[in-house]
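Student: Here you go, coords-v2.cif (mmCIF, C-alpha atoms and all ligand atoms):
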```cif
data_data
#
loop_
_atom_site.label_atom_id
_atom_site.label_comp_id
_atom_site.auth_asym_id
_atom_site.auth_seq_id
_atom_site.Cartn_x
_atom_site.Cartn_y
_atom_site.Cartn_z
CA MET A 690 23.12 219.55 -84.65
CA ASN A 691 24.58 216.05 -84.43
CA ASN A 692 27.27 214.38 -82.35
CA ASN A 693 29.86 214.28 -85.13
CA VAL A 694 33.24 215.71 -84.20
CA ILE A 695 34.20 215.64 -87.88
CA THR A 696 32.04 215.73 -91.00
CA LEU A 697 33.68 215.77 -94.43
CA SER A 698 31.65 215.95 -97.62
CA GLY A 699 33.09 215.70 -101.10
CA LEU A 700 36.56 216.91 -100.15
CA ASN A 701 39.12 217.33 -102.94
CA LYS A 702 42.75 218.42 -102.83
CA SER A 703 45.41 218.69 -105.55
CA PHE A 704 49.01 219.81 -105.35
CA LYS A 705 50.45 221.86 -108.17
CA HIS A 706 53.53 220.39 -109.76
CA GLN A 707 55.58 221.35 -112.82
CA SER A 708 54.08 218.31 -114.55
CA GLY A 709 50.55 219.63 -113.81
CA ASP A 710 47.97 219.30 -111.05
CA ASN A 711 48.42 216.20 -108.93
CA PRO A 712 45.10 215.13 -107.37
CA VAL A 713 45.80 213.73 -103.90
CA LEU A 714 42.36 213.57 -102.25
CA ARG A 715 39.26 212.70 -104.29
CA GLN A 716 35.70 213.16 -103.08
CA ILE A 717 36.40 212.21 -99.47
CA ASN A 718 33.34 211.66 -97.27
CA LEU A 719 33.88 210.87 -93.61
CA GLN A 720 31.99 211.17 -90.36
CA ILE A 721 33.65 210.69 -87.00
CA LYS A 722 31.30 210.59 -84.04
CA THR A 723 32.17 211.62 -80.51
CA GLY A 724 33.98 208.80 -78.73
CA GLU A 725 34.89 206.80 -81.85
CA MET A 726 38.35 205.33 -82.35
CA ILE A 727 39.08 204.85 -86.03
CA ALA A 728 42.06 203.93 -88.18
CA ILE A 729 43.00 204.92 -91.70
CA LEU A 730 45.32 202.51 -93.50
CA GLY A 731 46.88 203.02 -96.89
CA ALA A 732 50.05 202.68 -98.94
CA SER A 733 52.76 205.33 -98.87
CA GLY A 734 51.75 208.34 -100.95
CA SER A 735 48.04 207.49 -100.92
CA GLY A 736 47.14 210.81 -99.23
CA LYS A 737 46.77 209.90 -95.54
CA SER A 738 48.91 212.70 -94.08
CA THR A 739 47.43 215.22 -96.51
CA LEU A 740 43.98 214.32 -95.21
CA LEU A 741 45.17 214.57 -91.61
CA SER A 742 46.68 218.02 -92.25
CA ILE A 743 43.32 219.24 -93.50
CA LEU A 744 41.47 217.64 -90.56
CA GLY A 745 43.99 219.27 -88.20
CA LEU A 746 43.49 222.69 -89.83
CA LEU A 747 47.10 222.89 -91.02
CA ASP A 748 46.04 222.84 -94.67
CA VAL A 749 42.85 223.52 -96.61
CA ALA A 750 40.96 221.51 -99.21
CA ASP A 751 40.36 222.90 -102.70
CA THR A 752 36.68 221.98 -102.74
CA GLY A 753 34.22 220.22 -100.47
CA ASN A 754 32.96 220.89 -96.98
CA TYR A 755 34.61 220.33 -93.59
CA LYS A 756 32.74 220.76 -90.33
CA LEU A 757 34.69 220.45 -87.07
CA CYS A 758 32.36 220.18 -84.06
CA ASN A 759 29.49 221.35 -86.31
CA GLN A 760 31.40 224.47 -87.37
CA ASP A 761 32.10 225.05 -91.07
CA VAL A 762 35.82 225.82 -91.12
CA SER A 763 35.92 227.28 -94.66
CA ALA A 764 34.98 230.84 -93.71
CA LEU A 765 37.30 231.26 -90.71
CA SER A 766 40.26 233.63 -90.47
CA ALA A 767 43.79 232.38 -89.76
CA TYR A 768 43.44 233.52 -86.14
CA GLN A 769 40.10 231.72 -85.71
CA LEU A 770 41.60 228.58 -87.24
CA SER A 771 44.54 228.68 -84.83
CA GLN A 772 42.16 229.03 -81.87
CA LEU A 773 40.03 226.15 -83.15
CA ARG A 774 43.14 224.02 -83.65
CA ASN A 775 44.37 224.72 -80.14
CA GLN A 776 41.04 224.01 -78.47
CA HIS A 777 39.69 221.07 -80.49
CA ILE A 778 42.67 219.15 -81.91
CA GLY A 779 45.44 217.19 -80.24
CA TRP A 780 48.30 216.05 -82.51
CA VAL A 781 50.48 212.99 -82.08
CA PHE A 782 53.29 212.52 -84.62
CA GLN A 783 55.46 209.56 -85.59
CA ASN A 784 58.66 211.33 -84.50
CA PHE A 785 57.18 212.77 -81.25
CA ASN A 786 58.11 216.41 -82.12
CA LEU A 787 59.09 217.35 -78.58
CA ILE A 788 61.24 220.46 -78.15
CA ALA A 789 64.71 219.18 -77.27
CA ASP A 790 65.88 222.01 -75.01
CA MET A 791 62.71 222.08 -72.92
CA THR A 792 61.88 219.74 -70.05
CA VAL A 793 58.79 217.55 -70.19
CA ALA A 794 56.83 220.07 -68.11
CA GLU A 795 57.99 222.96 -70.33
CA ASN A 796 56.96 221.04 -73.46
CA LEU A 797 53.52 220.49 -71.96
CA ALA A 798 53.14 224.18 -71.11
CA VAL A 799 53.61 225.26 -74.76
CA PRO A 800 50.04 224.58 -75.98
CA LEU A 801 48.63 226.05 -72.75
CA ARG A 802 50.26 229.41 -73.51
CA TYR A 803 48.22 229.64 -76.71
CA ASN A 804 45.00 228.71 -74.93
CA THR A 805 43.36 231.83 -73.55
CA ALA A 806 40.76 229.73 -71.69
CA VAL A 807 43.35 228.29 -69.29
CA ASN A 808 44.57 230.45 -66.41
CA PRO A 809 48.38 230.18 -65.90
CA ALA A 810 47.68 229.36 -62.24
CA GLN A 811 46.23 226.04 -63.48
CA TYR A 812 49.22 225.02 -65.61
CA ALA A 813 51.05 222.96 -62.96
CA GLU A 814 47.93 220.99 -62.05
CA ARG A 815 47.05 220.36 -65.70
CA ILE A 816 50.58 219.19 -66.45
CA ASN A 817 50.61 216.85 -63.46
CA ASN A 818 47.18 215.45 -64.40
CA VAL A 819 48.12 214.55 -67.99
CA LEU A 820 51.51 213.17 -66.95
CA THR A 821 49.77 210.97 -64.36
CA LEU A 822 47.37 209.81 -67.08
CA VAL A 823 50.26 208.61 -69.26
CA GLY A 824 52.20 207.16 -66.30
CA LEU A 825 55.06 209.69 -66.31
CA ALA A 826 54.35 211.99 -63.36
CA ASP A 827 57.92 211.37 -62.11
CA ARG A 828 59.53 212.56 -65.36
CA SER A 829 58.38 216.19 -65.50
CA SER A 830 61.88 217.64 -65.08
CA PHE A 831 63.51 215.30 -67.63
CA TYR A 832 64.61 216.43 -71.09
CA PRO A 833 63.32 214.46 -74.13
CA ASP A 834 66.72 212.85 -74.78
CA GLU A 835 66.67 211.49 -71.22
CA LEU A 836 63.56 209.44 -72.07
CA SER A 837 63.02 206.26 -74.09
CA GLY A 838 61.17 206.47 -77.41
CA GLY A 839 58.03 205.01 -75.85
CA GLN A 840 58.22 207.52 -72.98
CA GLN A 841 58.71 210.40 -75.43
CA GLN A 842 55.59 209.32 -77.30
CA ARG A 843 53.66 209.17 -74.01
CA VAL A 844 54.79 212.75 -73.29
CA ALA A 845 53.65 213.70 -76.80
CA ILE A 846 50.25 212.16 -76.06
CA ALA A 847 50.12 214.08 -72.77
CA ARG A 848 50.89 217.27 -74.70
CA ALA A 849 48.13 216.43 -77.19
CA LEU A 850 45.67 216.02 -74.31
CA ILE A 851 46.59 219.07 -72.27
CA CYS A 852 44.07 221.46 -73.81
CA GLU A 853 41.34 218.79 -73.51
CA PRO A 854 40.76 218.53 -77.27
CA ASP A 855 37.69 216.94 -78.86
CA ILE A 856 39.81 214.68 -81.02
CA LEU A 857 43.32 213.21 -81.10
CA LEU A 858 44.83 213.03 -84.60
CA CYS A 859 47.67 210.51 -84.63
CA ASP A 860 49.95 210.16 -87.68
CA GLU A 861 51.78 206.80 -87.41
CA PRO A 862 52.01 207.08 -83.59
CA THR A 863 53.79 203.72 -83.30
CA GLY A 864 55.89 204.06 -86.47
CA ASN A 865 59.18 204.75 -84.64
CA LEU A 866 58.64 202.29 -81.78
CA ASP A 867 59.54 198.66 -81.23
CA SER A 868 56.63 196.25 -80.90
CA SER A 869 56.61 196.28 -77.09
CA ASN A 870 56.46 200.09 -76.88
CA ALA A 871 53.98 200.19 -79.77
CA ALA A 872 51.69 197.87 -77.79
CA LYS A 873 51.99 200.15 -74.73
CA ILE A 874 51.06 203.22 -76.80
CA MET A 875 48.07 201.40 -78.31
CA SER A 876 47.02 200.31 -74.83
CA LEU A 877 47.21 203.94 -73.66
CA LEU A 878 45.20 205.15 -76.66
CA GLY A 879 42.68 202.34 -75.99
CA ASP A 880 42.33 203.51 -72.35
CA LEU A 881 41.73 207.09 -73.54
CA HIS A 882 39.12 205.77 -75.96
CA GLN A 883 37.41 203.90 -73.09
CA LYS A 884 37.27 207.21 -71.23
CA GLY A 885 35.41 208.75 -74.17
CA LYS A 886 38.16 210.43 -76.20
CA THR A 887 37.67 210.55 -79.97
CA ILE A 888 40.77 209.22 -81.75
CA LEU A 889 41.84 208.99 -85.40
CA ILE A 890 44.97 206.98 -86.16
CA ILE A 891 46.84 206.87 -89.46
CA THR A 892 48.88 203.71 -89.71
CA HIS A 893 50.55 201.16 -91.97
CA ASP A 894 50.19 198.55 -89.26
CA ASN A 895 47.20 196.22 -89.37
CA SER A 896 47.62 195.33 -85.69
CA VAL A 897 47.12 199.01 -84.84
CA ALA A 898 43.97 199.10 -86.96
CA GLU A 899 42.70 196.00 -85.18
CA CYS A 900 42.69 198.00 -81.91
CA CYS A 901 40.19 200.42 -83.46
CA GLU A 902 36.45 199.92 -83.74
CA LYS A 903 36.32 201.10 -87.34
CA ALA A 904 38.88 201.26 -90.13
CA TYR A 905 39.11 202.88 -93.55
CA LYS A 906 41.60 202.48 -96.35
CA MET A 907 43.02 205.23 -98.50
CA HIS A 908 43.82 204.20 -102.04
CA ASP A 909 45.01 206.78 -104.59
CA GLY A 910 43.25 209.53 -102.67
CA GLU A 911 39.96 207.69 -102.28
CA LEU A 912 38.71 206.69 -98.85
CA SER A 913 36.52 203.64 -98.29
CA PRO A 914 35.60 201.42 -95.34
CA LEU A 915 37.96 198.52 -94.76
CA GLU A 916 36.21 195.17 -94.91
CA ASP A 917 36.80 192.70 -92.07
CA GLU A 918 38.88 190.28 -94.14
CA GLU A 919 41.16 193.12 -95.29
CA TYR A 920 42.39 193.67 -91.71
CA LYS A 921 44.32 190.43 -92.10
CA ARG A 922 46.21 191.52 -95.18
CA ALA A 923 49.20 193.84 -95.03
CA VAL A 924 48.59 197.18 -96.71
N1 LIG B 1001 53.35 219.95 -100.27
C1 LIG B 1001 53.21 219.10 -101.30
N2 LIG B 1001 53.45 219.49 -102.58
C2 LIG B 1001 53.28 218.64 -103.61
N3 LIG B 1001 52.89 217.36 -103.48
C3 LIG B 1001 52.65 216.92 -102.23
C4 LIG B 1001 52.80 217.76 -101.08
N4 LIG B 1001 52.49 217.02 -99.98
C5 LIG B 1001 52.18 215.78 -100.42
N5 LIG B 1001 52.26 215.73 -101.77
C6 LIG B 1001 51.97 214.54 -102.59
O1 LIG B 1001 50.73 214.02 -102.16
C7 LIG B 1001 50.75 212.61 -102.18
C8 LIG B 1001 50.25 212.09 -100.84
O2 LIG B 1001 51.18 212.44 -99.83
P1 LIG B 1001 50.90 212.10 -98.30
O3 LIG B 1001 52.02 212.65 -97.50
O4 LIG B 1001 49.53 212.52 -97.95
O5 LIG B 1001 50.96 210.49 -98.33
P2 LIG B 1001 50.84 209.44 -97.14
O6 LIG B 1001 49.71 208.53 -97.49
O7 LIG B 1001 50.80 210.12 -95.84
O8 LIG B 1001 52.21 208.63 -97.32
P3 LIG B 1001 53.18 207.99 -96.19
O9 LIG B 1001 52.52 206.71 -95.76
O10 LIG B 1001 54.45 207.72 -96.95
O11 LIG B 1001 53.35 208.96 -95.06
C9 LIG B 1001 52.17 212.19 -102.53
O12 LIG B 1001 52.17 211.75 -103.86
C10 LIG B 1001 52.98 213.43 -102.39
O13 LIG B 1001 53.99 213.53 -103.36
MG MG B 1002 52.15 210.20 -94.18
#
```
For the structure just supplied, provide its representation as structure tokens.
Ligand SMILES: Nc1ncnc2c1ncn2[C@@H]1O[C@H](COP(=O)(O)OP(=O)(O)OP(=O)(O)O)[C@@H](O)[C@H]1O
Ligand SMILES: [Mg+2]

Tutor:
Amino acid sequence: MNNNVITLSGLNKSFKHQSGDNPVLRQINLQIKTGEMIAILGASGSGKSTLLSILGLLDVADTGNYKLCNQDVSALSAYQLSQLRNQHIGWVFQNFNLIADMTVAENLAVPLRYNTAVNPAQYAERINNVLTLVGLADRSSFYPDELSGGQQQRVAIARALICEPDILLCDEPTGNLDSSNAAKIMSLLGDLHQKGKTILIITHDNSVAECCEKAYKMHDGELSPLEDEEYKRAV
């Protein structure tokens, strides 16, 4: 046993296309330890979201090994994968992905309904706790279109946290925000990191990567550590 939340060894993934197999991830090795906050930078099309989909158990690799919380995910059924996803992974997307005709509180209840470990009697308290954490306890009855973009992303982070996951997977979490709201979201993610949450952020933005303690770059499906001087250059 070790304290890795994620361990990837020799992961490969190709997509089939009429022009032939298109290799998208090549021999990816990655370890993310409990409590780390790391960034993955890389040009458009380099394979970042594909990697995140595999890490988030939405897609599977062709070859290689993936252990989530020391559990080999390759042999699990679809039901087991969905349980693992619900209990261990919190997702934050660029476009927030809130359900438009549900209030903030109703959006936050959605992942709880799939989590058999949480008693419905605890929903209201859980919802209030995560909304307080992101500074939006007074917005629980609002609909997403009654919130600013930055507030919507804070609700999305609250939703990602509500099942107390082991890791937050964030795909361009500041991509749709102005610089002031982006800074607020990074400050919130930094606070969560200080409290011990493990966070992986995919980004094009070097200033986002600078908030992380470790950064990697994806280039043509290959992942490698980002050297200090590369933080300063735009990807
Ligand atoms: N479902 C799919 N079928 C076929 N090819 C795909 C599929 N999904 C992604 N690809 C290909 O995989 C490559 C990597 O895509 P991916 O979405 O991972 O890139 P990305 O690094 O996240 O880019 P961006 O920064 O633009 O979001 C692209 O060349 C894309 O065309
Ligand atoms: Mg992407």

Student: So that I can see what lies close to stretch 808-819 of chain A, please list as a ChimeraX atom specification the residues with an atom at most 9 Å from it, counting only C-alpha atoms and leaving out residues fewer than 4 positions away in the same chain.

Tutor: /A:794,797-798,801-802,804,823-826,829,844,846-848,850-852

Student: Would you compute the distance between atom CA of A:Leu744 and atom CA of A:Cys900? Give it in Å to one decimal.

Tutor: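 Going from atom CA of A:Leu744 over to atom CA of A:Cys900, I get 21.5 Å.
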
Student: One number please: atom CA of A:Pro833 to atom CA of A:Leu878, in Å, one decimal.

Tutor: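 Separation of atom CA of A:Pro833 and atom CA of A:Leu878: 20.5 Å.
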
Student: With all atoms listed in the file counted, collect every polymer residue having an atom within 9 Å of ligand MG 1002 (chain B); state the result as a PyMOL selection string.

Tutor: chain A and resi 733-739+741+860-861+891-892

Student: Let's have the selection written as a PDB file, in the frame of the given file, with C-alpha atoms.

Tutor:
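File written: result_13.pdb
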```pdb
ATOM      1  CA  SER A 733      52.760 205.330 -98.870  1.00  0.00           C
ATOM      2  CA  GLY A 734      51.750 208.340-100.950  1.00  0.00           C
ATOM      3  CA  SER A 735      48.040 207.490-100.920  1.00  0.00           C
ATOM      4  CA  GLY A 736      47.140 210.810 -99.230  1.00  0.00           C
ATOM      5  CA  LYS A 737      46.770 209.900 -95.540  1.00  0.00           C
ATOM      6  CA  SER A 738      48.910 212.700 -94.080  1.00  0.00           C
ATOM      7  CA  THR A 739      47.430 215.220 -96.510  1.00  0.00           C
ATOM      8  CA  LEU A 741      45.170 214.570 -91.610  1.00  0.00           C
ATOM      9  CA  ASP A 860      49.950 210.160 -87.680  1.00  0.00           C
ATOM     10  CA  GLU A 861      51.780 206.800 -87.410  1.00  0.00           C
ATOM     11  CA  ILE A 891      46.840 206.870 -89.460  1.00  0.00           C
ATOM     12  CA  THR A 892      48.880 203.710 -89.710  1.00  0.00           C
TER      13      THR A 892
END
```

Student: State, in Å with one decimal place, the distance from atom C4 of ligand LIG 1001 (chain B) to atom CA of A:Phe704.

Tutor: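 One can read the atom C4 of ligand LIG 1001 (chain B) to atom CA of A:Phe704 distance as 6.1 Å.
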
Student: Which residue gives the smallest distance to A:Ser771 among A:Ile874, A:Ala789, A:Gly745, A:Lys756, with only C-alpha atoms counted?

Tutor: A:Gly745

Student: Calculated over only C-alpha atoms, which of the candidates A:Phe785, A:Trp780, A:Ile743, A:Ser830 has the smallest distance to A:Asn865?

Tutor: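 Among the listed residues, A:Phe785 lies closest to A:Asn865.
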
Student: So, counting all atoms listed in the file, which residue among A:Asn775, A:Gly699, A:Met791, A:Ala728 is closest to A:Tyr755?

Tutor: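 Closest to A:Tyr755, using all atoms listed in the file: A:Gly699.
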
Student: Could I get the residue neighbourhood of ligand LIG 1001 (chain B) at 12 Å, counting only C-alpha atoms and all ligand atoms, as a PyMOL selection string?

Tutor: chain A and resi 702-715+729-743+747-749+782-783+859-862+864+890-894+906-912+924

Student: If you count only C-alpha atoms, which residues fall within 10 Å of A:Gln772, apart from same-chain ones fewer than 6 positions away, as a compact mmCIF listing (two decimals) with C-alpha atoms, keeping the file's coordinate frame?

Tutor:
```txt
# COMPACT_ATOMS: atom_id res chain seq x y z
CA SER A 766 40.26 233.63 -90.47
CA ILE A 778 42.67 219.15 -81.91
CA TYR A 803 48.22 229.64 -76.71
CA ASN A 804 45.00 228.71 -74.93
CA THR A 805 43.36 231.83 -73.55
```

Student: Counting all atoms listed in the file, find residues at most 12 Å from (31.3, 226.1, -85.3) (file frame) and give them as a list in words.

Tutor: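 The distance filter leaves exactly Met690, Asn693, Val694, Ile695, Thr696, Tyr755, Lys756, Leu757, Cys758, Asn759, Gln760, Asp761, Val762, Ser763, Ala764, Leu765, Gln769, Leu770, Gln772, Leu773 and His777 of chain A.
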
Student: With distances taken over all atoms listed in the file, which residue among A:Leu836, A:Pro854, A:Asp751, A:Asn796 lies nearest A:Gly885?

Tutor: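 Selected residue with least distance to A:Gly885: A:Pro854.
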
Student: Closest to A:Ile717 among A:Ala806, A:Cys901, A:Leu822, A:Leu697, using all atoms listed in the file?

Tutor: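 Distance minimum relative to A:Ile717 lands on A:Leu697.
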
Student: Check the smallest atom-to-atom distance from each of A:Ala767, A:Leu787, A:Leu746, A:Met726 to A:Met875 using all atoms listed in the file, then report the winner.

Tutor: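 Of the candidates, the smallest distance to A:Met875 is held by A:Met726.
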